[in-house]
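Since the structure comes first, as structure tokens, the remarks are kept for the end.
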Amino acid sequence: MKNKKSLGQNWLKDRQTLDLISEIACDLPEKSLSKNVRICIEIGPGLGTLTSSLLKRFEKVIAVEFDEQLANNLPKSFPGKNLEVINQDFLRFDLGQISEPFVVAGNIPYYITSPIIEKLLTSKTKPEKIVLLVQKEVAEKACPDESNQHNSSLSLFIDNFAIAHLGPIVTKEFFTPPPKVDSRVLILEPHEKPKASNDILDFVHKSFANPRKKLSANLASFTGLSKDETETILETLGFSTNIRPADLTLDDYAMLAKTLKK
């Protein structure tokens, strides 16, 4: 079937990589080992290449596919398998209808990566584990670097809701048709409860308005304080006036927001 560029359809064809993604998905985090996790929700199954690997490792796969033609064809490829196909935009899919523990996996379109991650992490019904194949640059921005520094607001957002790990790199030639960039597996293990409030996350988001600028300048842009005043506050808290948004942890931002509120 011809892919639809408008839906970001690039199908992964390498069986070894598909099996590896499935193995990562069924390798549960320690907190979930006592649970009977038999369901995997797959986002955007497409032609069913990943679905095939997931069905070998989970008792049931619920595949949520936006493309009506693909959704109608998918069950025909897996007769007798415990596969439920739902023709729906995943961003509108109600995770609350799943009544037992589940994991999520998928090779997802690059253009909706952030909305999908946000939906999965903020849902009241949380997956035990999330394994997504996304654009390599996005996956690496989503995780802290080797020095445990968060280099983007996305990374800090994820840190609030989950532990993030980087999986294997999947180069573009393993896809049909090949995308313009390489991909990488992003692994998320949701926390039981978020670390910070939505107000803190909003504060972080605003602080990253211009990531390359000094944090003091970003703070001045939305707090109503002058750059000199924000620098004084940073110094009072023991921070350098030259720091940039990526230099603070989530806890640092919570402390800074509390101080500014006073």
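Letters for chains follow the order of the structure tokens (A, B, ...), residue numbers begin at 1 for each chain, and ligand numbers begin at 1 in the order shown.
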- segment 10-210 of chain A: residues DSSP assigns to alpha helix (DSSP H), reported as a VMD selection string: chain A and resid 15 to 26 49 to 55 68 to 77 113 to 122 136 to 142 153 to 161 198 to 207
Could I get the residues of segment 34-120 of chain A with an atom no further than 9 Å from an atom of segment 13-20 of chain A, each paired with its nearest atom pair and that distance in Å to one decimal, using only C-alpha atoms, sorted by chain and residue number, as CSV?
residue,atom,partner,partner_atom,distance
A:Thr49,CA,A:Lys13,CA,6.9
A:Leu50,CA,A:Leu18,CA,5.5
A:Thr51,CA,A:Leu18,CA,8.9
A:Ser52,CA,A:Leu18,CA,8.7
A:Ser53,CA,A:Asp19,CA,5.5
A:Leu54,CA,A:Asp19,CA,7.9
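All residues of protein, DNA or RNA that reach within 8 Å of segment 167-170 of chain A, judged by only C-alpha atoms and not counting those fewer than 3 positions away in the chain, are Thr17, Lys136, Phe174, Asp182, Ser183, Arg184, Val185, Leu186 and Ile187 of chain A.
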Prev. selection, N, CA and C atoms, output as a JSON list (two decimals), in the first residue's frame:
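Generated file (result.json):
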[["chain", "number", "residue", "atom", "x", "y", "z"],
["A", 17, "THR", "N", 14.84, -5.38, 14.33],
["A", 17, "THR", "CA", 14.52, -4.16, 15.09],
["A", 17, "THR", "C", 13.11, -4.23, 15.65],
["A", 136, "LYS", "N", 15.13, 10.68, 16.02],
["A", 136, "LYS", "CA", 16.31, 10.54, 16.89],
["A", 136, "LYS", "C", 16.57, 11.80, 17.71],
["A", 174, "PHE", "N", 16.04, 1.57, 7.18],
["A", 174, "PHE", "CA", 15.23, 0.45, 7.65],
["A", 174, "PHE", "C", 13.74, 0.72, 7.49],
["A", 182, "ASP", "N", 17.12, 9.88, 10.91],
["A", 182, "ASP", "CA", 17.14, 8.62, 11.65],
["A", 182, "ASP", "C", 16.16, 8.68, 12.82],
["A", 183, "SER", "N", 15.84, 7.51, 13.35],
["A", 183, "SER", "CA", 14.92, 7.39, 14.49],
["A", 183, "SER", "C", 15.65, 6.78, 15.67],
["A", 184, "ARG", "N", 14.99, 6.83, 16.82],
["A", 184, "ARG", "CA", 15.55, 6.19, 18.01],
["A", 184, "ARG", "C", 14.41, 5.76, 18.93],
["A", 185, "VAL", "N", 14.61, 4.69, 19.64],
["A", 185, "VAL", "CA", 13.60, 4.20, 20.58],
["A", 185, "VAL", "C", 13.67, 5.03, 21.86],
["A", 186, "LEU", "N", 12.52, 5.52, 22.28],
["A", 186, "LEU", "CA", 12.38, 6.26, 23.54],
["A", 186, "LEU", "C", 11.58, 5.39, 24.51],
["A", 187, "ILE", "N", 12.14, 5.17, 25.69],
["A", 187, "ILE", "CA", 11.52, 4.30, 26.70],
["A", 187, "ILE", "C", 11.13, 5.13, 27.91]]
Per residue of segment 20-42 of chain A within 9 Å of segment 95-106 of chain A, what are the shortest atom pair and its distance in Å to one decimal, counting only C-alpha atoms, with rows by chain and residue number, as CSV?
residue,atom,partner,partner_atom,distance
A:Ile21,CA,A:Ala105,CA,8.0
A:Ser22,CA,A:Ala105,CA,7.8
A:Ala25,CA,A:Ala105,CA,6.6
A:Cys26,CA,A:Val103,CA,7.8
A:Leu28,CA,A:Val103,CA,8.7
A:Ser32,CA,A:Pro101,CA,8.9
A:Lys35,CA,A:Pro101,CA,7.2
A:Asn36,CA,A:Pro101,CA,7.0
A:Val37,CA,A:Pro101,CA,5.3
A:Arg38,CA,A:Phe102,CA,6.7
A:Ile39,CA,A:Phe102,CA,4.9
A:Cys40,CA,A:Val103,CA,4.9
A:Ile41,CA,A:Val104,CA,4.7
A:Glu42,CA,A:Ala105,CA,5.0
Now that the selection is made, can you save its residues with C-alpha atoms as a JSON list (two decimals), in the first residue's frame?
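Resulting contents of part.json:
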[["chain", "number", "residue", "atom", "x", "y", "z"],
["A", 21, "ILE", "CA", 11.17, -3.04, 20.23],
["A", 22, "SER", "CA", 8.67, -5.71, 21.27],
["A", 25, "ALA", "CA", 8.04, -3.33, 25.62],
["A", 26, "CYS", "CA", 7.49, -6.60, 27.49],
["A", 28, "LEU", "CA", 8.54, -4.53, 32.65],
["A", 32, "SER", "CA", 5.21, -3.57, 37.58],
["A", 35, "LYS", "CA", 1.15, -7.18, 37.92],
["A", 36, "ASN", "CA", -0.32, -9.37, 35.22],
["A", 37, "VAL", "CA", 0.36, -7.20, 32.18],
["A", 38, "ARG", "CA", -1.06, -9.03, 29.19],
["A", 39, "ILE", "CA", -2.21, -6.12, 27.00],
["A", 40, "CYS", "CA", -0.22, -3.89, 24.68],
["A", 41, "ILE", "CA", -1.76, -0.86, 23.06],
["A", 42, "GLU", "CA", -0.08, -0.17, 19.74]]
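Between atom CA of Tyr111 of chain A and atom CA of Leu12 of chain A the interatomic distance comes to 16.8 Å.
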- Query: Any idea what's packed within 6 Å of segment 235-247 of chain A, counting only C-alpha atoms, ignoring anything in its chain fewer than 2 positions away? Could you give it as a list in words?
  - Reply: His150, Asn151, Phe208, Pro211, Lys214, Leu215, Glu231, Thr232 and Ile233 of chain A
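Closest approach to Thr122 of chain A from the set A:Phe78, A:Phe157, A:Phe90, A:Phe58 is made by A:Phe157, with distances taken over only C-alpha atoms.
Distance check against Val131 of chain A using only C-alpha atoms: of A:Lys193, A:Lys31, A:His165, A:Lys76, the minimum falls on A:His165.
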- Query: Would you give me, as a list in words, the residues in segment 38-132 of chain A that DSSP reads as strand (DSSP E)?
  - Reply: Ile39, Cys40, Ile41, Glu42, Ile43, Lys60, Val61, Ile62, Ala63, Val64, Glu65, Leu83, Glu84, Val85, Ile86, Asn87, Phe102, Val103, Val104, Ala105, Gly106, Asn107, Ile130, Val131 and Leu132 of chain A
- Query: From the set A:Ser152, A:Thr171, A:Thr176, A:Thr259, which residue has the shortest atom-to-atom contact distance to Lys206 of chain A, counting only C-alpha atoms?
  - Reply: A:Ser152
